[in-house]
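Structure data (compact mmCIF, C-alpha atoms) from upload-v9.txt:
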```
# COMPACT_ATOMS: atom_id res chain seq x y z
CA MET A 1 45.44 157.04 -43.04
CA ASN A 2 46.68 159.33 -40.22
CA THR A 3 49.33 161.11 -42.31
CA LEU A 4 50.90 164.23 -40.77
CA THR A 5 51.82 167.00 -43.20
CA THR A 6 52.76 170.67 -43.11
CA ASP A 7 51.78 173.35 -45.60
CA HIS A 8 54.14 176.33 -45.92
CA LEU A 9 54.76 176.09 -42.17
CA THR A 10 56.76 178.84 -40.49
CA ILE A 11 57.66 178.32 -36.83
CA GLY A 12 59.07 180.57 -34.15
CA TYR A 13 57.87 182.96 -31.48
CA PRO A 14 55.48 185.91 -31.80
CA GLY A 15 56.91 189.36 -31.24
CA ARG A 16 55.84 191.39 -28.24
CA ARG A 17 53.48 194.24 -29.02
CA HIS A 18 54.53 195.64 -32.40
CA ASN A 19 57.76 193.67 -32.78
CA SER A 20 58.09 191.22 -35.65
CA PRO A 21 57.98 187.53 -34.76
CA TYR A 22 61.22 185.62 -34.29
CA ILE A 23 61.40 183.11 -37.13
CA VAL A 24 63.17 179.80 -36.47
CA LEU A 25 62.32 177.79 -39.61
CA SER A 26 60.16 178.85 -42.54
CA ASP A 27 58.09 177.60 -45.47
CA LEU A 28 58.24 173.93 -44.48
CA ASN A 29 56.34 171.45 -46.63
CA LEU A 30 56.94 168.15 -44.85
CA SER A 31 55.27 164.76 -44.69
CA LEU A 32 55.66 161.90 -42.24
CA PRO A 33 55.34 158.60 -44.14
CA GLN A 34 53.12 156.06 -42.42
CA ALA A 35 54.73 153.18 -40.53
CA SER A 36 58.17 154.77 -40.76
CA LEU A 37 60.84 156.11 -38.43
CA THR A 38 62.08 159.63 -39.17
CA LEU A 39 65.05 161.24 -37.42
CA LEU A 40 65.09 165.00 -36.86
CA VAL A 41 68.73 166.09 -36.76
CA GLY A 42 70.16 169.51 -36.01
CA ALA A 43 72.46 171.51 -33.76
CA ASN A 44 71.33 172.69 -30.34
CA GLY A 45 69.16 175.77 -30.72
CA SER A 46 68.37 175.01 -34.36
CA GLY A 47 64.63 174.68 -33.74
CA LYS A 48 64.09 170.94 -33.30
CA SER A 49 62.02 171.17 -30.13
CA THR A 50 60.11 174.16 -31.49
CA LEU A 51 59.22 172.15 -34.58
CA LEU A 52 58.07 169.14 -32.55
CA ARG A 53 55.90 171.32 -30.32
CA THR A 54 54.35 172.98 -33.37
CA LEU A 55 53.67 169.66 -35.09
CA SER A 56 51.95 168.35 -31.97
CA GLY A 57 49.78 171.45 -31.63
CA THR A 58 51.23 172.54 -28.28
CA GLN A 59 52.75 175.64 -29.93
CA GLN A 60 51.09 177.79 -32.55
CA PRO A 61 52.79 178.32 -35.93
CA ILE A 62 53.72 181.79 -37.14
CA GLU A 63 52.32 180.98 -40.59
CA GLY A 64 51.07 177.95 -42.47
CA SER A 65 49.54 174.86 -40.95
CA VAL A 66 50.00 171.32 -39.66
CA ALA A 67 47.40 168.74 -40.65
CA ILE A 68 46.55 165.10 -40.02
CA ASP A 69 44.81 163.57 -43.01
CA GLY A 70 44.15 167.06 -44.34
CA THR A 71 42.48 168.36 -41.17
CA PRO A 72 44.41 171.19 -39.48
CA VAL A 73 45.66 170.12 -36.05
CA SER A 74 44.28 173.38 -34.66
CA ALA A 75 40.78 172.25 -35.71
CA ILE A 76 41.05 168.88 -33.94
CA SER A 77 39.79 168.74 -30.36
CA LEU A 78 42.34 168.01 -27.64
CA ARG A 79 40.64 164.70 -26.88
CA GLN A 80 40.70 163.56 -30.49
CA ARG A 81 44.24 164.85 -30.97
CA ALA A 82 45.31 162.71 -28.01
CA ARG A 83 43.96 159.69 -29.90
CA LEU A 84 46.01 160.54 -32.98
CA LEU A 85 49.33 161.72 -31.61
CA SER A 86 51.34 160.92 -28.46
CA LEU A 87 54.44 162.64 -27.09
CA VAL A 88 57.53 161.58 -25.18
CA TYR A 89 59.59 164.54 -23.97
CA THR A 90 63.31 164.88 -23.35
CA ASP A 91 63.03 165.64 -19.62
CA ARG A 92 63.96 163.02 -17.07
CA THR A 93 60.79 161.08 -16.54
CA GLY A 94 58.74 161.47 -13.38
CA GLY A 95 55.97 159.41 -11.87
CA GLY A 96 58.22 157.95 -9.18
CA GLY A 97 55.29 157.37 -6.82
CA LEU A 98 53.40 155.28 -9.38
CA THR A 99 53.96 151.70 -10.36
CA VAL A 100 54.90 151.03 -13.96
CA ARG A 101 51.41 149.73 -14.66
CA GLU A 102 49.83 152.88 -13.16
CA LEU A 103 52.20 155.13 -15.09
CA VAL A 104 51.49 153.41 -18.39
CA ALA A 105 47.75 153.46 -17.65
CA LEU A 106 47.86 157.27 -17.81
CA GLY A 107 48.09 156.81 -21.56
CA ARG A 108 44.48 155.60 -21.54
CA GLN A 109 43.08 158.96 -20.36
CA PRO A 110 41.83 159.96 -23.85
CA TYR A 111 39.53 156.91 -23.69
CA THR A 112 38.54 156.62 -20.02
CA GLY A 113 36.90 160.03 -19.59
CA PHE A 114 36.83 162.19 -16.47
CA ILE A 115 36.47 159.34 -13.97
CA GLY A 116 39.45 157.49 -15.37
CA ARG A 117 38.14 154.00 -14.63
CA LEU A 118 39.89 151.37 -16.72
CA SER A 119 37.84 148.89 -18.71
CA THR A 120 39.00 145.39 -19.58
CA ALA A 121 40.08 146.70 -22.99
CA ASP A 122 42.07 149.50 -21.32
CA ARG A 123 43.89 147.03 -19.07
CA GLN A 124 44.67 144.85 -22.05
CA ALA A 125 46.12 147.86 -23.88
CA VAL A 126 48.29 148.68 -20.87
CA ASP A 127 49.54 145.11 -20.53
CA HIS A 128 50.28 144.93 -24.26
CA ALA A 129 52.27 148.17 -24.15
CA ILE A 130 54.33 147.02 -21.16
CA GLU A 131 55.03 143.71 -22.87
CA ALA A 132 55.92 145.41 -26.17
CA VAL A 133 58.67 147.53 -24.60
CA GLY A 134 60.11 144.60 -22.65
CA ILE A 135 59.44 145.60 -19.03
CA ALA A 136 56.62 143.20 -18.11
CA HIS A 137 58.80 141.95 -15.23
CA LYS A 138 58.75 145.49 -13.80
CA ALA A 139 55.00 146.09 -14.13
CA ASP A 140 54.40 146.24 -10.38
CA SER A 141 57.63 148.08 -9.52
CA PHE A 142 57.59 151.75 -8.61
CA ALA A 143 58.90 154.03 -11.34
CA ALA A 144 61.33 155.53 -8.80
CA ALA A 145 63.04 152.13 -8.53
CA LEU A 146 63.68 151.83 -12.26
CA SER A 147 66.88 152.62 -14.09
CA ASP A 148 66.83 155.59 -16.47
CA GLY A 149 66.55 153.19 -19.42
CA GLU A 150 63.68 151.25 -17.85
CA ARG A 151 61.87 154.48 -16.96
CA GLN A 152 62.18 155.74 -20.54
CA LYS A 153 60.78 152.43 -21.77
CA ALA A 154 57.84 152.96 -19.39
CA MET A 155 57.22 156.42 -20.90
CA ILE A 156 57.30 154.93 -24.39
CA ALA A 157 54.88 152.25 -23.17
CA ARG A 158 52.56 155.02 -21.95
CA ALA A 159 52.63 156.54 -25.44
CA LEU A 160 51.98 153.10 -26.92
CA ALA A 161 49.05 152.52 -24.55
CA GLN A 162 47.63 155.81 -25.79
CA HIS A 163 47.00 153.88 -29.00
CA THR A 164 47.96 156.68 -31.39
CA PRO A 165 49.19 156.06 -34.93
CA ILE A 166 51.82 158.82 -34.55
CA ILE A 167 54.44 159.02 -31.78
CA ILE A 168 56.73 162.05 -31.43
CA LEU A 169 59.79 161.87 -29.19
CA ASP A 170 62.13 164.72 -28.23
CA GLU A 171 65.64 163.37 -27.48
CA PRO A 172 64.38 160.12 -25.91
CA THR A 173 67.91 158.84 -25.20
CA ALA A 174 69.44 162.06 -23.85
CA PHE A 175 70.13 160.74 -20.32
CA LEU A 176 70.85 157.11 -21.15
CA ASP A 177 74.02 155.04 -21.33
CA ILE A 178 75.06 153.51 -24.65
CA ALA A 179 73.44 150.13 -23.98
CA SER A 180 70.11 151.76 -23.09
CA ARG A 181 70.32 154.04 -26.14
CA LEU A 182 70.71 151.06 -28.43
CA GLU A 183 67.82 149.25 -26.73
CA ILE A 184 65.51 152.26 -27.07
CA MET A 185 66.32 152.74 -30.75
CA GLN A 186 65.82 149.05 -31.50
CA LEU A 187 62.54 149.22 -29.57
CA LEU A 188 61.33 152.16 -31.69
CA GLY A 189 62.28 150.25 -34.83
CA ARG A 190 60.18 147.28 -33.67
CA LEU A 191 57.21 149.54 -32.96
CA VAL A 192 57.36 150.76 -36.55
CA ARG A 193 57.63 147.24 -37.98
CA ASN A 194 55.35 145.32 -35.61
CA GLU A 195 52.86 147.97 -34.44
CA LYS A 196 52.86 149.98 -37.70
CA LYS A 197 53.51 153.20 -35.79
CA THR A 198 54.72 156.40 -37.43
CA VAL A 199 57.62 157.62 -35.30
CA LEU A 200 59.37 160.99 -35.40
CA LEU A 201 62.21 161.67 -32.99
CA SER A 202 64.85 164.31 -32.54
CA THR A 203 68.26 162.98 -31.58
CA HIS A 204 71.98 163.65 -31.51
CA ASP A 205 72.61 159.94 -31.05
CA LEU A 206 72.97 159.06 -34.71
CA ALA A 207 75.28 156.11 -34.12
CA SER A 208 72.46 154.30 -32.30
CA ALA A 209 69.59 155.60 -34.41
CA ILE A 210 70.69 155.57 -38.03
CA SER A 211 70.39 151.79 -38.46
CA VAL A 212 66.63 151.89 -37.78
CA ALA A 213 65.86 155.16 -39.58
CA ASP A 214 63.84 155.29 -42.79
CA ARG A 215 64.09 159.04 -43.36
CA LEU A 216 65.97 162.10 -42.15
CA TRP A 217 64.80 165.62 -41.49
CA ILE A 218 67.98 167.71 -41.35
CA VAL A 219 67.81 171.27 -40.04
CA ASP A 220 69.63 173.62 -42.43
CA GLN A 221 70.15 176.62 -40.15
CA GLN A 222 71.57 178.84 -42.87
CA ALA A 223 68.48 178.36 -45.05
CA ARG A 224 66.13 178.18 -42.03
CA SER A 225 64.66 175.09 -43.58
CA ILE A 226 64.49 171.30 -43.40
CA ILE A 227 66.15 168.92 -45.85
CA GLU A 228 64.19 165.67 -45.95
CA GLY A 229 64.73 162.40 -47.73
CA ASN A 230 65.82 158.80 -47.54
CA ALA A 231 68.33 158.40 -44.72
CA ARG A 232 71.04 156.54 -46.61
CA GLN A 233 70.71 158.69 -49.74
CA LEU A 234 71.12 161.94 -47.79
CA ILE A 235 74.14 160.55 -45.96
CA ASP A 236 75.73 159.43 -49.22
CA GLN A 237 75.12 162.89 -50.70
CA GLY A 238 77.04 164.52 -47.82
CA VAL A 239 74.06 166.55 -46.64
CA MET A 240 74.81 165.73 -43.00
CA ASP A 241 77.76 168.13 -43.12
CA ARG A 242 75.26 171.00 -43.11
CA VAL A 243 74.17 170.22 -39.55
CA PHE A 244 77.03 172.17 -37.93
CA PRO A 245 77.87 174.98 -40.38
CA GLY A 246 81.08 176.86 -39.68
CA ARG A 247 82.24 174.36 -37.05
CA PRO A 248 85.07 171.81 -37.32
CA VAL A 249 82.69 168.86 -37.44
CA THR A 250 82.12 166.37 -40.24
CA PHE A 251 79.94 163.28 -40.61
CA SER A 252 81.70 159.93 -40.89
CA ARG A 253 79.89 157.38 -43.05
CA GLN A 254 81.98 154.63 -41.50
CA LEU A 255 81.03 155.52 -37.92
CA ASN A 256 77.53 156.84 -38.76
CA ASP A 257 78.29 159.73 -36.44
CA PHE A 258 79.84 163.19 -36.28
CA THR A 259 83.57 163.57 -35.73
CA ILE A 260 86.00 166.47 -35.33
CA LYS A 261 87.83 167.37 -38.53
CA GLU A 262 91.54 166.72 -38.40
CA THR A 263 93.68 169.83 -38.65
CA LEU A 264 97.31 170.05 -39.71
```
Spit out the file's structure as C-alpha cells when you get a sec.
Amino acid sequence: MNTLTTDHLTIGYPGRRHNSPYIVLSDLNLSLPQASLTLLVGANGSGKSTLLRTLSGTQQPIEGSVAIDGTPVSAISLRQRARLLSLVYTDRTGGGGLTVRELVALGRQPYTGFIGRLSTADRQAVDHAIEAVGIAHKADSFAAALSDGERQKAMIARALAQHTPIIILDEPTAFLDIASRLEIMQLLGRLVRNEKKTVLLSTHDLASAISVADRLWIVDQQARSIIEGNARQLIDQGVMDRVFPGRPVTFSRQLNDFTIKETL
C-alpha cells in the first residue's frame, strides 16, 4: 500500500547538553492518501522544511514516529527507503556537467548497486521518466544548458526514475517564472493521475498549485500543529487565514492566493 503516516509526531531540534529541545510542531497524527497530491502551506520559518526532512527520515523526530505501511521509517534501511520515497529539494538544481539522461539515471542508484551499471530495465525507466516530464528533446543536453524550469523537470524526472510510490518536494517552483510554475504543478498533477504517485509538496505558490491539489496540510503556528483536510473544504471554511497570524494578509477564494487586507 505504501501509505505514510505519523503517530503523535513532535518535530524540532534537540537541546544542547541539558537544554530542552526546541519544538517546532507537536503531536501530529497525519496520513498521506495514496495517489493524491497534498500541499503543505505555511509561513516562512513555520516548520515546513523541518517536517519534510522528518517525514523522509533525514532528520530525527523529538517524539513519536513516521511510518510507511506501519513500519517506522527509522527501521527501514537506507536502500529500501530510497525505493519507497524520493525527494526534490528547494535549492537550485546542480548537475550542470551531466546530460539530462545521466542526471535522471542517478535516480536508479537504489537498484544498480555499488557499480552503478544500468540494465536495460534501468534505461527504460530513465527514458520513461524523461518522457513523462516532457523533456525527451533535451535528453542529451547538458543540465547547465537548461532553463530553470527544464532543470527542475529533470530533477522531478530523477525522482520518477527512482520508482518510488511517494515523492516529497520542498518548494519545487521557488526559482521559476509563472509559466514554469504552472507547468510543474500540472506535471505533478499528471504524475498523481497517470503514474499513481503520492505527492507531498511545500509551496507558497497557491495560485498555481491549488487547482491540482487533493488535500491541504496547513501549519497553524499558534497551535504548533497541522490542520489537514480536503483542499476546497478547508478553503471554504476560511482556515487559510490562519497561515499568517497577526499579519495583514487574507486568502482570496476568487484568486486562490493570499492578498493584503485593505485598510481604511
Return the single residue from A:Ala159, A:Ile218, A:Ala223, A:Ile76 that is closest to Leu103 of chain A, with distances computed using only C-alpha atoms.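 Comparing A:Ala159, A:Ile218, A:Ala223, A:Ile76 against Leu103 of chain A, the winner is A:Ala159.
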Given all atoms listed in the file as the counted atoms, nearest of A:His137, A:His204, A:Arg242, A:Arg190 to Gln222 of chain A: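 The closest residue to Gln222 of chain A is A:Arg242.
Residues with any atom within 10 Å of Pro245 of chain A, counting only C-alpha atoms and excluding same-chain neighbours fewer than 5 positions away, are Ala43, Asp220, Gln221, Gln222 and Thr250 of chain A.
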Can you work out the spacing between atom CA of Met185 of chain A and atom CA of Thr164 of chain A in Å, to one decimal?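 So the answer is 18.8 Å.
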Tell me which protein, DNA and RNA residues are within 10 Å of Arg79 of chain A, counting all atoms listed in the file, leaving out same-chain ones fewer than 5 positions away, and put them as a compact mmCIF listing (two decimals) with C-alpha atoms, in the frame of the given file.
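The file below, around-v4.txt, is the result:
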```txt
# COMPACT_ATOMS: atom_id res chain seq x y z
CA LEU A 84 46.01 160.54 -32.98
CA GLN A 109 43.08 158.96 -20.36
CA PRO A 110 41.83 159.96 -23.85
CA TYR A 111 39.53 156.91 -23.69
CA GLY A 113 36.90 160.03 -19.59
```
Would you mind listing what lies within 8 Å of Ala157 of chain A as a PyMOL selection string, with all atoms listed in the file counted and same-chain residues fewer than 6 positions away left out? chain A and resi 104+126+129-130+132-133
Find the residue from A:His128, A:Ser202, A:Ser31, A:Ser119 that sits nearest to Val219 of chain A; use all atoms listed in the file when measuring.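 Nearest candidate to Val219 of chain A out of A:His128, A:Ser202, A:Ser31, A:Ser119: A:Ser202.
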For Leu187 of chain A, list every protein, DNA or RNA residue within 10 Å, evaluated using all atoms listed in the file, and leave out those in the same chain fewer than 6 positions away; present the list as an MDAnalysis selection string. chainID A and resid 132:134 153 156 181 193 212
Which of these residues is nearest to Ile166 of chain A, using all atoms listed in the file: A:Gly189, A:Pro14, A:Pro33, A:Gly229?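 Looking at the shortest contact to Ile166 of chain A, the residue is A:Pro33.
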Just the number, please: distance in Å from atom CA of Gly246 of chain A to atom CA of Gly42 of chain A, one decimal. 13.7 Å
Which is closest to Leu28 of chain A among A:Thr50, A:Thr6, A:Thr120, A:Ser211, if we use only C-alpha atoms? A:Thr6
